[in-house]
>>> print(open('structure_0.cif').read())   # mmCIF, C-alpha atoms
data_start
loop_
_atom_site.label_atom_id
_atom_site.label_comp_id
_atom_site.auth_asym_id
_atom_site.auth_seq_id
_atom_site.Cartn_x
_atom_site.Cartn_y
_atom_site.Cartn_z
CA MET A 132 22.58 33.25 51.69
CA ILE A 133 22.62 35.28 48.45
CA THR A 134 20.84 38.63 48.32
CA ILE A 135 19.64 39.80 44.90
CA LEU A 136 18.52 43.38 44.28
CA PHE A 137 16.20 43.80 41.29
CA ILE A 138 15.23 47.24 39.94
CA GLY A 139 12.20 47.57 37.66
CA ASP A 140 11.92 49.19 34.23
CA VAL A 141 14.38 52.12 34.00
CA VAL A 142 12.76 55.01 32.13
CA GLY A 143 14.89 57.55 30.27
CA GLU A 144 17.70 59.77 31.56
CA PRO A 145 16.07 60.44 34.96
CA GLY A 146 15.73 56.70 35.60
CA ARG A 147 19.30 55.95 34.52
CA THR A 148 20.72 58.76 36.63
CA ALA A 149 18.72 57.68 39.68
CA VAL A 150 19.95 54.08 39.37
CA LYS A 151 23.60 55.10 39.05
CA HIS A 152 23.28 57.59 41.91
CA MET A 153 21.46 55.23 44.28
CA LEU A 154 23.20 51.90 43.62
CA PRO A 155 25.97 52.29 46.26
CA GLU A 156 23.43 53.24 48.93
CA LEU A 157 21.00 50.48 47.96
CA LYS A 158 23.78 47.90 47.93
CA ARG A 159 24.87 48.89 51.45
CA GLU A 160 21.32 49.16 52.80
CA HIS A 161 20.21 45.73 51.60
CA GLY A 162 23.53 43.89 51.60
CA ALA A 163 23.07 43.06 47.93
CA ASP A 164 25.43 40.49 46.45
CA PHE A 165 24.02 40.74 42.92
CA ILE A 166 22.13 43.47 41.06
CA ILE A 167 19.73 43.06 38.14
CA VAL A 168 18.10 45.98 36.32
CA ASN A 169 15.41 45.98 33.64
CA GLY A 170 16.74 48.50 31.12
CA GLU A 171 14.31 48.24 28.23
CA ASN A 172 13.09 51.86 28.50
CA ALA A 173 16.49 53.38 29.27
CA ALA A 174 16.96 55.15 25.89
CA ALA A 175 14.42 57.99 26.06
CA GLY A 176 11.76 55.46 27.01
CA ARG A 177 12.30 53.05 24.12
CA GLY A 178 14.93 50.33 24.25
CA ILE A 179 18.54 50.61 25.31
CA THR A 180 21.77 51.34 23.43
CA PRO A 181 25.14 49.63 23.90
CA ARG A 182 26.54 52.83 25.44
CA LEU A 183 23.75 53.12 27.99
CA ALA A 184 23.99 49.42 28.83
CA GLN A 185 27.73 49.78 29.42
CA GLU A 186 27.11 52.77 31.70
CA LEU A 187 24.79 50.70 33.89
CA LEU A 188 27.19 47.74 33.95
CA HIS A 189 30.09 50.01 34.90
CA ALA A 190 27.94 51.51 37.67
CA GLY A 191 27.68 48.10 39.33
CA VAL A 192 24.76 46.36 37.63
CA ASP A 193 25.51 42.66 37.07
CA VAL A 194 22.81 41.79 34.50
CA ILE A 195 20.42 43.90 32.40
CA THR A 196 17.08 42.50 31.25
CA THR A 197 14.84 43.99 28.57
CA GLY A 198 11.44 43.09 27.04
CA ASP A 199 9.22 44.04 24.14
CA HIS A 200 11.25 47.20 23.35
CA VAL A 201 14.54 45.31 23.11
CA TRP A 202 15.00 46.01 19.37
CA ASP A 203 13.89 49.66 19.37
CA GLN A 204 17.52 50.83 19.14
CA ALA A 205 18.96 49.30 15.97
CA GLU A 206 22.57 49.17 17.18
CA LEU A 207 21.75 46.82 20.07
CA ALA A 208 21.14 43.59 18.11
CA PRO A 209 24.64 43.17 16.60
CA TRP A 210 26.27 44.18 19.89
CA MET A 211 24.35 41.76 22.12
CA GLU A 212 26.28 38.73 20.92
CA SER A 213 29.41 40.15 22.55
CA GLU A 214 27.71 41.05 25.86
CA PRO A 215 25.86 38.08 27.39
CA ARG A 216 24.94 40.10 30.50
CA VAL A 217 22.35 42.05 28.47
CA LEU A 218 19.40 39.74 27.86
CA ARG A 219 16.48 39.58 25.43
CA PRO A 220 13.47 37.29 26.03
CA VAL A 221 14.40 33.61 26.00
CA ASN A 222 11.30 32.67 23.98
CA TYR A 223 12.38 34.37 20.76
CA PRO A 224 12.81 31.88 17.90
CA GLN A 225 16.08 30.02 17.57
CA GLY A 226 18.68 32.09 15.72
CA THR A 227 17.58 35.46 17.16
CA PRO A 228 20.58 37.62 18.17
CA GLY A 229 21.54 37.72 21.81
CA HIS A 230 20.86 35.52 24.81
CA GLY A 231 17.75 34.74 26.84
CA SER A 232 19.63 33.65 29.93
CA VAL A 233 23.08 33.99 31.44
CA VAL A 234 25.04 32.25 34.20
CA VAL A 235 27.34 34.50 36.22
CA GLU A 236 30.06 33.22 38.54
CA THR A 237 30.07 35.08 41.87
CA PRO A 238 31.96 34.67 45.16
CA LYS A 239 28.83 32.96 46.49
CA GLY A 240 28.42 30.60 43.55
CA LYS A 241 26.64 30.59 40.21
CA ILE A 242 23.65 32.85 39.63
CA ALA A 243 21.49 32.49 36.53
CA VAL A 244 19.18 35.18 35.18
CA MET A 245 16.46 34.46 32.62
CA GLN A 246 14.25 36.87 30.68
CA VAL A 247 10.80 35.71 29.56
CA GLN A 248 8.14 37.64 27.62
CA GLY A 249 4.41 36.97 27.80
CA ARG A 250 2.02 36.65 24.88
CA SER A 251 -1.24 38.21 26.11
CA PHE A 252 -1.84 41.74 24.71
CA ILE A 253 1.87 42.27 23.96
CA GLN A 254 3.83 42.38 20.72
CA PRO A 255 5.58 40.70 19.05
CA PRO A 256 4.00 37.26 19.63
CA LEU A 257 6.76 34.90 20.75
CA GLU A 258 7.11 31.19 21.45
CA ASN A 259 5.14 29.72 24.37
CA PRO A 260 6.68 31.34 27.48
CA PHE A 261 5.52 28.55 29.81
CA LEU A 262 7.13 25.70 27.87
CA ILE A 263 10.29 27.62 26.96
CA SER A 264 10.99 28.99 30.45
CA GLU A 265 10.35 25.63 32.09
CA ALA A 266 12.71 23.87 29.68
CA GLU A 267 15.37 26.56 30.16
CA ALA A 268 15.13 26.38 33.95
CA LYS A 269 15.62 22.60 33.81
CA ARG A 270 18.58 23.01 31.45
CA LEU A 271 20.24 25.54 33.74
CA ARG A 272 19.81 23.22 36.71
CA GLU A 273 20.84 19.99 35.00
CA GLU A 274 23.49 21.09 32.48
CA LYS A 275 24.94 24.15 34.23
CA GLY A 276 24.51 22.99 37.82
CA VAL A 277 22.82 26.25 38.83
CA ARG A 278 20.48 26.38 41.81
CA VAL A 279 19.98 30.15 42.10
CA ILE A 280 17.85 31.23 39.11
CA PHE A 281 16.13 34.64 38.85
CA VAL A 282 13.41 35.16 36.22
CA ASP A 283 12.21 38.53 34.89
CA MET A 284 8.72 37.87 33.51
CA HIS A 285 7.94 40.74 31.13
CA ALA A 286 4.21 40.65 30.44
CA GLU A 287 1.06 42.75 30.24
CA THR A 288 -1.46 40.70 32.19
CA THR A 289 -1.35 39.81 35.86
CA SER A 290 -2.86 36.40 35.15
CA GLU A 291 -0.02 35.40 32.83
CA LYS A 292 2.59 36.52 35.34
CA ILE A 293 0.93 34.73 38.26
CA SER A 294 0.57 31.57 36.19
CA THR A 295 4.27 31.74 35.26
CA GLY A 296 5.14 31.93 38.95
CA TYR A 297 3.19 28.77 39.68
CA ASN A 298 4.55 27.02 36.59
CA LEU A 299 8.15 27.65 37.67
CA ASP A 300 7.62 27.19 41.42
CA GLY A 301 10.41 24.98 42.74
CA LEU A 302 12.40 25.17 39.50
CA VAL A 303 13.66 28.74 39.98
CA SER A 304 14.45 30.97 42.96
CA ALA A 305 12.38 34.00 41.97
CA VAL A 306 9.88 35.19 39.37
CA VAL A 307 9.43 38.97 39.33
CA GLY A 308 7.26 40.72 36.76
CA THR A 309 8.01 43.85 34.73
CA HIS A 310 6.45 45.92 31.91
CA THR A 311 3.42 47.63 33.49
CA HIS A 312 5.55 50.10 35.52
CA VAL A 313 3.20 49.95 38.54
CA GLN A 314 4.41 48.03 41.57
CA THR A 315 2.06 45.39 42.93
CA ALA A 316 1.70 44.43 46.61
CA ASP A 317 1.55 40.64 46.32
CA GLU A 318 5.09 39.60 47.20
CA THR A 319 5.14 36.04 48.51
CA ILE A 320 7.07 32.81 48.61
CA LEU A 321 5.19 30.09 46.75
CA GLU A 322 4.65 26.57 48.07
CA SER A 323 7.81 25.03 46.60
CA GLY A 324 10.15 27.91 47.52
CA THR A 325 10.01 30.40 44.64
CA ALA A 326 9.79 34.10 45.53
CA TYR A 327 7.14 35.90 43.50
CA LEU A 328 6.01 39.48 42.76
CA THR A 329 3.62 40.34 39.91
CA ASP A 330 5.32 43.64 39.04
CA ALA A 331 8.41 45.30 40.45
CA GLY A 332 7.34 48.76 39.28
CA MET A 333 9.57 51.21 37.44
CA CYS A 334 12.55 53.44 38.07
CA GLY A 335 11.25 56.52 36.30
CA PRO A 336 9.66 59.94 36.71
CA ALA A 337 7.10 59.87 39.51
CA VAL A 338 4.93 62.74 38.27
CA GLY A 339 3.43 61.63 34.99
CA VAL A 340 1.91 58.53 33.40
CA LEU A 341 4.16 55.48 33.59
CA GLY A 342 7.21 57.74 33.38
CA ARG A 343 5.95 59.89 30.49
CA GLU A 344 4.73 63.49 30.50
CA ARG A 345 1.05 63.47 31.37
CA GLU A 346 -0.39 66.20 29.11
CA PRO A 347 0.23 64.45 25.75
CA ILE A 348 -1.20 61.23 27.16
CA LEU A 349 -4.26 63.02 28.51
CA GLN A 350 -4.78 64.61 25.11
CA ARG A 351 -4.47 61.24 23.39
CA PHE A 352 -7.14 59.78 25.67
CA ARG A 353 -9.36 62.85 25.25
CA THR A 354 -9.05 63.23 21.48
CA SER A 355 -7.85 59.84 20.14
CA MET A 356 -5.33 61.77 18.03
CA PRO A 357 -1.70 60.62 17.66
CA ALA A 358 0.83 62.19 20.02
CA LYS A 359 4.43 61.81 21.12
CA PHE A 360 5.00 60.81 24.74
CA PRO A 361 8.25 62.38 26.02
CA VAL A 362 9.84 61.06 29.19
CA ALA A 363 8.81 63.20 32.18
CA ASN A 364 11.24 64.85 34.58
CA TRP A 365 12.32 64.54 38.21
CA PRO A 366 11.70 63.37 40.90
CA VAL A 367 12.05 59.65 40.20
CA ARG A 368 10.26 56.77 41.88
CA LEU A 369 12.73 53.91 42.19
CA CYS A 370 10.98 50.57 42.59
CA GLY A 371 12.12 46.97 42.80
CA ALA A 372 12.56 44.01 45.08
CA VAL A 373 15.15 42.38 47.32
CA VAL A 374 15.20 38.58 47.35
CA GLN A 375 17.23 36.49 49.79
CA ILE A 376 18.02 32.97 48.58
CA ASP A 377 19.58 29.86 50.12
CA GLU A 378 22.61 29.38 47.90
CA ALA A 379 22.75 25.63 48.48
CA THR A 380 19.14 24.80 47.58
CA GLY A 381 18.09 27.80 45.48
CA ARG A 382 14.96 28.23 47.60
CA ALA A 383 13.93 31.77 48.43
CA LEU A 384 14.09 32.80 52.09
CA SER A 385 12.42 36.20 51.77
CA ILE A 386 11.21 38.82 49.31
CA ALA A 387 10.61 42.50 50.06
CA ARG A 388 9.50 45.36 47.83
CA ILE A 389 11.41 48.62 47.66
CA SER A 390 9.91 51.95 46.58
CA LYS A 391 11.44 55.35 47.21
CA ILE A 392 11.39 58.85 45.79
CA VAL A 393 14.75 60.06 44.47
CA GLU A 394 15.37 63.77 43.95
CA LYS A 395 17.67 64.96 41.18
CA PRO A 396 21.30 64.78 42.35
CA ALA A 397 23.23 68.01 42.56
CA SER A 398 25.43 68.59 39.51
#
>>> encode(input="structure_0.cif", output="structure tokens")
Amino acid sequence: MITILFIGDVVGEPGRTAVKHMLPELKREHGADFIIVNGENAAAGRGITPRLAQELLHAGVDVITTGDHVWDQAELAPWMESEPRVLRPVNYPQGTPGHGSVVVETPKGKIAVMQVQGRSFIQPPLENPFLISEAEAKRLREEKGVRVIFVDMHAETTSEKISTGYNLDGLVSAVVGTHTHVQTADETILESGTAYLTDAGMCGPAVGVLGREREPILQRFRTSMPAKFPVANWPVRLCGAVVQIDEATGRALSIARISKIVEKPAS
């Protein structure tokens, strides 16, 4: 059995610090063999830099996924070619910098991670996520011999995420959604053995709006005037999922949500 720990969208410095502080405890508590983190909001809420990605990798993260904010930090694109463990959505056009999937050798065998981005109410519009992710899952199975495949489905609408789960059921081990920062309560194992959760939630400030300070957002809603949305402060709500997978077949055995409040560590 392989146990994968997935942590949802990391928001700003509080989210990064909480992940680095909690990883040893989470790994022990859940017996995690492999850790995936969505880092697309790690740099002050917009994108991730090479330095911040390296900090998370050095802290014990095995693969970092992203999403629609992947290019918000200009220095990331040229660096991604040299670091295949930091992913951008697989359904970008051919020739886009970086990688949409990666295969990692582990003591328990090969584990593949794929990043997909939806098209409903999210920018930029990318290639068809259903066709691209299905083709990539088949390639990973047939050409790379991988059975354990984890998919981060980064999308705005629940319907597109749920449909992706059904579309990939039996081809991949897990489909877990990101982007909306609010954890859903629909974890399940689909008919053909794929673990599914519509949204893992975020690892970001708990008191605010999706990890941002609430007052500027309230003012934007009240007045319709432009405003900046700084990342809020501690405490942090750390959300994600733990998926147990049969390493021989790639079928999921269980999926469980995690959600806990993390206070700021002592300096």
>>> atom_distance(input="structure_0.cif", atom1="atom CA of Ser251 of chain A", atom2="atom CA of Thr288 of chain A")
6.6 Å
>>> resolve_selection(input="structure_0.cif", expression="the PyMOL selection byres ((chain A and resi 175) around 7)", output="PyMOL selection string")
chain A and resi 142-144+172-174+176-177+362
>>> residues_around(input="structure_0.cif", residues="Ser264 of chain A", least_positions_apart="4", cutoff="10 Å", atoms="all atoms listed in the file", output="number ranges by chain")
A: 220-222, 231-232, 245-248, 259-260, 268-270, 282, 284, 295, 298-299, 302-303
>>> resolve_selection(input="structure_0.cif", expression="the PyMOL selection byres ((chain A and resi 281) around 12)", output="ChimeraX atom specification")
/A:133-137,165-168,194,196,232-235,241-247,264,267-268,271,277-280,282-284,296,299-308,325-328,372-376,381-383
>>> resolve_selection(input="structure_0.cif", expression="the PyMOL selection byres ((chain A and resi 204) around 12)", output="PyMOL selection string")
chain A and resi 171-184+197+199-203+205-211
>>> atom_distance(input="structure_0.cif", atom1="atom CA of Pro366 of chain A", atom2="atom CA of Gly339 of chain A")
10.3 Å
>>> closest_residue(input="structure_0.cif", among="A:Val217, A:Ile348, A:Ala286, A:Ala387", to="Arg250 of chain A", atoms="only C-alpha atoms")
A:Ala286
>>> residues_around(input="structure_0.cif", residues="Trp365 of chain A", least_positions_apart="5", cutoff="10 Å", atoms="only C-alpha atoms", output="number ranges by chain")
A: 144-146, 149, 335-339, 342, 392-396
>>> closest_residue(input="structure_0.cif", among="A:Thr319, A:Ser213, A:Thr289, A:Gln350", to="Phe252 of chain A", atoms="only C-alpha atoms")
A:Thr289
>>> atom_distance(input="structure_0.cif", atom1="atom CA of Leu369 of chain A", atom2="atom CA of Ala331 of chain A")
9.8 Å
>>> closest_residue(input="structure_0.cif", among="A:Asn169, A:Asn364, A:Thr329, A:Ser398", to="Glu344 of chain A", atoms="all atoms listed in the file")
A:Asn364
>>> build_atoms(input="structure_0.cif", residues="segment 157-172 of chain A", atoms="N, CA, C and O atoms", output="PDB file, keeping the file's coordinate frame")
ATOM      1  N   LEU A 157      21.885  51.635  47.939  1.00  0.00           N
ATOM      2  CA  LEU A 157      21.000  50.480  47.960  1.00  0.00           C
ATOM      3  C   LEU A 157      21.779  49.198  48.261  1.00  0.00           C
ATOM      4  O   LEU A 157      21.296  48.321  48.995  1.00  0.00           O
ATOM      5  N   LYS A 158      22.964  49.095  47.703  1.00  0.00           N
ATOM      6  CA  LYS A 158      23.780  47.900  47.930  1.00  0.00           C
ATOM      7  C   LYS A 158      24.157  47.782  49.404  1.00  0.00           C
ATOM      8  O   LYS A 158      24.083  46.699  49.995  1.00  0.00           O
ATOM      9  N   ARG A 159      24.534  48.904  50.020  1.00  0.00           N
ATOM     10  CA  ARG A 159      24.870  48.890  51.450  1.00  0.00           C
ATOM     11  C   ARG A 159      23.631  48.602  52.296  1.00  0.00           C
ATOM     12  O   ARG A 159      23.671  47.797  53.233  1.00  0.00           O
ATOM     13  N   GLU A 160      22.536  49.275  51.990  1.00  0.00           N
ATOM     14  CA  GLU A 160      21.320  49.160  52.800  1.00  0.00           C
ATOM     15  C   GLU A 160      20.779  47.743  52.828  1.00  0.00           C
ATOM     16  O   GLU A 160      20.325  47.259  53.885  1.00  0.00           O
ATOM     17  N   HIS A 161      20.819  47.058  51.688  1.00  0.00           N
ATOM     18  CA  HIS A 161      20.210  45.730  51.600  1.00  0.00           C
ATOM     19  C   HIS A 161      21.220  44.600  51.588  1.00  0.00           C
ATOM     20  O   HIS A 161      20.829  43.429  51.542  1.00  0.00           O
ATOM     21  N   GLY A 162      22.509  44.930  51.631  1.00  0.00           N
ATOM     22  CA  GLY A 162      23.530  43.890  51.600  1.00  0.00           C
ATOM     23  C   GLY A 162      23.499  43.087  50.322  1.00  0.00           C
ATOM     24  O   GLY A 162      23.703  41.861  50.335  1.00  0.00           O
ATOM     25  N   ALA A 163      23.250  43.755  49.210  1.00  0.00           N
ATOM     26  CA  ALA A 163      23.070  43.060  47.930  1.00  0.00           C
ATOM     27  C   ALA A 163      24.369  42.453  47.430  1.00  0.00           C
ATOM     28  O   ALA A 163      25.410  43.111  47.382  1.00  0.00           O
ATOM     29  N   ASP A 164      24.292  41.186  47.054  1.00  0.00           N
ATOM     30  CA  ASP A 164      25.430  40.490  46.450  1.00  0.00           C
ATOM     31  C   ASP A 164      25.389  40.566  44.923  1.00  0.00           C
ATOM     32  O   ASP A 164      26.416  40.372  44.257  1.00  0.00           O
ATOM     33  N   PHE A 165      24.202  40.827  44.365  1.00  0.00           N
ATOM     34  CA  PHE A 165      24.020  40.740  42.920  1.00  0.00           C
ATOM     35  C   PHE A 165      22.896  41.690  42.544  1.00  0.00           C
ATOM     36  O   PHE A 165      21.867  41.759  43.236  1.00  0.00           O
ATOM     37  N   ILE A 166      23.094  42.437  41.439  1.00  0.00           N
ATOM     38  CA  ILE A 166      22.130  43.470  41.060  1.00  0.00           C
ATOM     39  C   ILE A 166      21.669  43.247  39.625  1.00  0.00           C
ATOM     40  O   ILE A 166      22.478  43.121  38.698  1.00  0.00           O
ATOM     41  N   ILE A 167      20.349  43.216  39.451  1.00  0.00           N
ATOM     42  CA  ILE A 167      19.730  43.060  38.140  1.00  0.00           C
ATOM     43  C   ILE A 167      18.842  44.269  37.890  1.00  0.00           C
ATOM     44  O   ILE A 167      18.116  44.707  38.783  1.00  0.00           O
ATOM     45  N   VAL A 168      18.909  44.811  36.677  1.00  0.00           N
ATOM     46  CA  VAL A 168      18.100  45.980  36.320  1.00  0.00           C
ATOM     47  C   VAL A 168      17.399  45.703  34.992  1.00  0.00           C
ATOM     48  O   VAL A 168      18.017  45.209  34.046  1.00  0.00           O
ATOM     49  N   ASN A 169      16.108  46.027  34.925  1.00  0.00           N
ATOM     50  CA  ASN A 169      15.410  45.980  33.640  1.00  0.00           C
ATOM     51  C   ASN A 169      15.656  47.317  32.936  1.00  0.00           C
ATOM     52  O   ASN A 169      15.228  48.364  33.419  1.00  0.00           O
ATOM     53  N   GLY A 170      16.334  47.285  31.791  1.00  0.00           N
ATOM     54  CA  GLY A 170      16.740  48.500  31.120  1.00  0.00           C
ATOM     55  C   GLY A 170      16.040  48.780  29.802  1.00  0.00           C
ATOM     56  O   GLY A 170      16.513  49.583  28.995  1.00  0.00           O
ATOM     57  N   GLU A 171      14.876  48.170  29.573  1.00  0.00           N
ATOM     58  CA  GLU A 171      14.310  48.240  28.230  1.00  0.00           C
ATOM     59  C   GLU A 171      13.702  49.590  27.859  1.00  0.00           C
ATOM     60  O   GLU A 171      13.363  49.802  26.703  1.00  0.00           O
ATOM     61  N   ASN A 172      13.570  50.510  28.812  1.00  0.00           N
ATOM     62  CA  ASN A 172      13.090  51.860  28.500  1.00  0.00           C
ATOM     63  C   ASN A 172      14.161  52.913  28.763  1.00  0.00           C
ATOM     64  O   ASN A 172      13.855  54.098  28.897  1.00  0.00           O
TER      65      ASN A 172
END
